[in-house]
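Inspection log for the structure reproduced underneath, given as structure tokens.
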Amino acid sequence: MRTSTREDLKGKGNAMEIDVVELASELIAMPSETQTSNRAISDFLRGLLEAGGFAVEELTYIDQFDVEKVSLVAKKGAGTGGLGLFSHSDTVPGDAGWDPFTPALEDGRLVGRGSADMKGPLAASIAAGCRVNAADLNRPLVIAVTADEERGHTGAHDIVIRSQTLTGGWPQYCIVCEPSQLQPVYAHKGGGSVIVTAHGVAAHTSTDKGVSANFIIAPFLAEMAELAQTFRTEKRFRNTLFDPPTNGFNLVLNDGGTASNVTAARTVATLKLRAMPDACFEEAVQMVVERAEAHGLDVSHSSGGPFFADADGPLAHAACRATGAPHAVTVPYGTEAECYQRYMDALVLGPGNIEQAHTVGEWIAIEQLHEAVEVYTRLIGDLCG
């Protein structure tokens, strides 16, 4: 496999052809796990976008672990409105059991960490954007590549505040290029997290002087088991526009791996819920918080809202024209669209299957990568031409 996509560029002026599989492969080979800096891949992408005729704005910040992060906002063409294609450059960790950062072509698939989520979709958006000459655009095209999507959409929340390119004139339309099997997505669930902590006293059980945090938190956990059934069955917590129509209430426990002959000094329960419109999400979170407080436990919570757009609006119609899909759909997973919906008309639309994301042996169909370039090219022509 060749290792330099830029050597394969063909064209003149600020329009050029990029092999989407070669580019996606090169991006996969650049590890950019969320816990590390994405400086190297961002520098590469900046050079590629500038070679393709984009003016590129770089936004950097230092995350809570003192690691540099970089987001890019690139613009081609003049005027107002137009279209933005929004992606992220970070991935979840590579995991053991395979060679995640060595891209491989296997049976019509491109295999590697980020192939589906979302270096494949990112490559398709750049290939489409770079093949268009600025002189042919009546309205601008924006390509954004954020950091830290896998850690609370931090980069997306940052660019909507600090990007001079965006705040100086938002695109009218926004496509978030997350994998959707090239089905236009007009709504998805958000998420919330409640962290509940019980404090005990660590001691060897032979002394009978310890107090187990697990016993302290147990009555609260019993109530959460009952609440899970309430959330699953009561109509007000459901929304039948989604499959499944429930809020995905889940509980994970951590007592630090305490040995069985020691009382746990600290037990943390992490409870997760998925937000849907008109499904009493805030009430559900508050019910969990109130029960934790009633048991005298430490509690904190955070949440991100759902994404919900017009399923019959002009962007949905344009996406259906570009893909041939009969209508836009809903999905149960979340994306950065929730960050952008208050600034632009937004949809989620990208190649690949979300079921492959974050898995060992992650892959994307090569046919979908090529089709995505054509879909994004049609959207650019429709909304920027």
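By convention in this document, the chains of the structure tokens carry letters A, B, ... by their order, each chain's residues are numbered from 1, and ligands are numbered from 1 in the order they are shown.
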
message: Please return, as a PyMOL selection string, all residues of region 60-169 of chain A that DSSP assigns to helix (DSSP H, G or I) on the basis of the backbone.
response: chain A and resi 115-130+134-136+154-162+164-167

Keeping only N, CA and C atoms, write the selected residues as an mmCIF file, in the first residue's frame.
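Contents of the output file selection-v7.cif:
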```cif
data_model
loop_
_atom_site.group_PDB
_atom_site.id
_atom_site.type_symbol
_atom_site.label_atom_id
_atom_site.label_comp_id
_atom_site.auth_asym_id
_atom_site.auth_seq_id
_atom_site.Cartn_x
_atom_site.Cartn_y
_atom_site.Cartn_z
ATOM 1 N N SER A 115 -11.616 3.473 10.842
ATOM 2 C CA SER A 115 -12.082 3.329 9.464
ATOM 3 C C SER A 115 -13.538 3.757 9.324
ATOM 4 N N ALA A 116 -14.378 3.373 10.294
ATOM 5 C CA ALA A 116 -15.780 3.782 10.289
ATOM 6 C C ALA A 116 -16.000 5.042 11.100
ATOM 7 N N ASP A 117 -15.339 5.140 12.248
ATOM 8 C CA ASP A 117 -15.573 6.258 13.174
ATOM 9 C C ASP A 117 -14.264 6.964 13.490
ATOM 10 N N MET A 118 -13.901 8.008 12.706
ATOM 11 C CA MET A 118 -14.581 8.353 11.468
ATOM 12 C C MET A 118 -13.597 8.846 10.422
ATOM 13 N N LYS A 119 -12.450 8.162 10.345
ATOM 14 C CA LYS A 119 -11.453 8.583 9.372
ATOM 15 C C LYS A 119 -11.867 8.262 7.946
ATOM 16 N N GLY A 120 -12.679 7.214 7.767
ATOM 17 C CA GLY A 120 -13.234 6.954 6.445
ATOM 18 C C GLY A 120 -14.186 8.053 6.005
ATOM 19 N N PRO A 121 -15.209 8.375 6.804
ATOM 20 C CA PRO A 121 -16.082 9.489 6.447
ATOM 21 C C PRO A 121 -15.345 10.821 6.299
ATOM 22 N N LEU A 122 -14.380 11.093 7.175
ATOM 23 C CA LEU A 122 -13.582 12.315 7.060
ATOM 24 C C LEU A 122 -12.867 12.362 5.722
ATOM 25 N N ALA A 123 -12.242 11.255 5.326
ATOM 26 C CA ALA A 123 -11.549 11.212 4.043
ATOM 27 C C ALA A 123 -12.506 11.469 2.891
ATOM 28 N N ALA A 124 -13.725 10.930 2.969
ATOM 29 C CA ALA A 124 -14.704 11.142 1.906
ATOM 30 C C ALA A 124 -15.102 12.606 1.798
ATOM 31 N N SER A 125 -15.260 13.280 2.939
ATOM 32 C CA SER A 125 -15.634 14.699 2.901
ATOM 33 C C SER A 125 -14.514 15.541 2.301
ATOM 34 N N ILE A 126 -13.266 15.228 2.635
ATOM 35 C CA ILE A 126 -12.138 15.986 2.098
ATOM 36 C C ILE A 126 -11.966 15.705 0.606
ATOM 37 N N ALA A 127 -12.123 14.440 0.200
ATOM 38 C CA ALA A 127 -12.018 14.113 -1.223
ATOM 39 C C ALA A 127 -13.074 14.860 -2.029
ATOM 40 N N ALA A 128 -14.294 14.949 -1.504
ATOM 41 C CA ALA A 128 -15.350 15.685 -2.205
ATOM 42 C C ALA A 128 -15.052 17.175 -2.229
ATOM 43 N N GLY A 129 -14.620 17.724 -1.095
ATOM 44 C CA GLY A 129 -14.362 19.161 -1.031
ATOM 45 C C GLY A 129 -13.199 19.596 -1.892
ATOM 46 N N CYS A 130 -12.178 18.751 -1.986
ATOM 47 C CA CYS A 130 -10.987 19.134 -2.738
ATOM 48 C C CYS A 130 -11.168 19.016 -4.240
ATOM 49 N N ALA A 134 -13.062 26.592 -6.269
ATOM 50 C CA ALA A 134 -13.741 27.697 -5.589
ATOM 51 C C ALA A 134 -14.522 28.567 -6.552
ATOM 52 N N ALA A 135 -14.023 28.716 -7.782
ATOM 53 C CA ALA A 135 -14.698 29.566 -8.760
ATOM 54 C C ALA A 135 -16.065 29.024 -9.146
ATOM 55 N N ASP A 136 -16.297 27.747 -8.896
ATOM 56 C CA ASP A 136 -17.576 27.131 -9.236
ATOM 57 C C ASP A 136 -18.583 27.182 -8.089
ATOM 58 N N THR A 154 -15.719 17.838 23.097
ATOM 59 C CA THR A 154 -15.052 19.040 23.587
ATOM 60 C C THR A 154 -14.643 19.974 22.461
ATOM 61 N N GLY A 155 -14.049 19.427 21.403
ATOM 62 C CA GLY A 155 -13.612 20.264 20.303
ATOM 63 C C GLY A 155 -14.764 20.956 19.601
ATOM 64 N N ALA A 156 -15.870 20.268 19.439
ATOM 65 C CA ALA A 156 -17.039 20.873 18.798
ATOM 66 C C ALA A 156 -17.591 22.020 19.634
ATOM 67 N N HIS A 157 -17.693 21.804 20.943
ATOM 68 C CA HIS A 157 -18.162 22.892 21.805
ATOM 69 C C HIS A 157 -17.210 24.086 21.758
ATOM 70 N N ASP A 158 -15.921 23.808 21.528
ATOM 71 C CA ASP A 158 -14.930 24.878 21.463
ATOM 72 C C ASP A 158 -15.040 25.676 20.172
ATOM 73 N N ILE A 159 -15.169 25.014 19.027
ATOM 74 C CA ILE A 159 -15.149 25.759 17.762
ATOM 75 C C ILE A 159 -16.391 26.620 17.576
ATOM 76 N N VAL A 160 -17.528 26.218 18.119
ATOM 77 C CA VAL A 160 -18.716 27.049 17.931
ATOM 78 C C VAL A 160 -18.610 28.364 18.699
ATOM 79 N N ILE A 161 -17.700 28.419 19.667
ATOM 80 C CA ILE A 161 -17.476 29.650 20.429
ATOM 81 C C ILE A 161 -16.303 30.438 19.880
ATOM 82 N N ARG A 162 -15.205 29.753 19.537
ATOM 83 C CA ARG A 162 -13.961 30.465 19.244
ATOM 84 C C ARG A 162 -13.614 30.591 17.767
ATOM 85 N N GLN A 164 -13.400 31.970 14.379
ATOM 86 C CA GLN A 164 -13.760 33.199 13.678
ATOM 87 C C GLN A 164 -14.378 32.883 12.324
ATOM 88 N N THR A 165 -13.957 31.782 11.708
ATOM 89 C CA THR A 165 -14.547 31.379 10.434
ATOM 90 C C THR A 165 -16.036 31.112 10.597
ATOM 91 N N LEU A 166 -16.409 30.382 11.636
ATOM 92 C CA LEU A 166 -17.806 30.041 11.852
ATOM 93 C C LEU A 166 -18.611 31.213 12.386
ATOM 94 N N THR A 167 -18.135 31.833 13.440
ATOM 95 C CA THR A 167 -18.918 32.913 14.048
ATOM 96 C C THR A 167 -18.992 34.134 13.147
#
```

query: Any idea what's packed within 7 Å of region 377-380 of chain A, counting only C-alpha atoms, ignoring anything in its chain fewer than 5 positions away? Could you give it as number ranges by chain?
result: A: 83, 128, 318-319, 322, 385

Closest of A:Cys174, A:Val262, A:Leu48, A:Ala24 to Ala202 (chain A) - atom-to-atom distances counting only C-alpha atoms: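 Distance minimum relative to Ala202 (chain A) lands on A:Val262.
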
field: Non-local contacts of region 309-316 of chain A (7 Å; only C-alpha atoms; under 6 positions in same chain excluded) as number ranges by chain
entry: A: 173, 184, 186-187, 328, 346

Those residues with C-alpha atoms, as a compact mmCIF listing (two decimals), in the first residue's frame please?
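Output file selection-v5.txt follows:
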```
# COMPACT_ATOMS: atom_id res chain seq x y z
CA TYR A 173 -26.49 23.77 6.32
CA PRO A 184 -29.84 10.82 6.24
CA TYR A 186 -32.65 13.85 11.36
CA ALA A 187 -32.66 12.88 15.05
CA ALA A 328 -34.56 10.71 6.77
CA ALA A 346 -28.07 19.96 10.50
```

Residue list (strand (DSSP E or B), DSSP) for region 12-233 of chain A, as a count of residues only: 61

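Atom to atom, CA of Ser260 (chain A) and CA of Lys272 (chain A) stand 27.2 Å apart.
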
- request: Would you work out the distance separating CA of Phe242 (chain A) from CA of Arg342 (chain A), expressed in Å to one decimal?
  value: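 About the pair CA of Phe242 (chain A) and CA of Arg342 (chain A): they are 21.5 Å apart.
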
task: Choose the residue, out of A:Ser193, A:Ser37, A:Gln341, A:Ser71, that has the smallest atom-to-atom separation from Ser303 (chain A); count only C-alpha atoms.
output: A:Ser193

- prompt: What does the distance between CA of Tyr333 (chain A) and CA of His301 (chain A) come to in Å, to one decimal place?
  reply: 19.7 Å

task: Name the closest residue to Gln172 (chain A) among the candidates A:Val142, A:Leu72, A:Ala325, A:Asp107; distances are taken between atoms, counting only C-alpha atoms.
output: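 Among the listed residues, A:Val142 lies closest to Gln172 (chain A).
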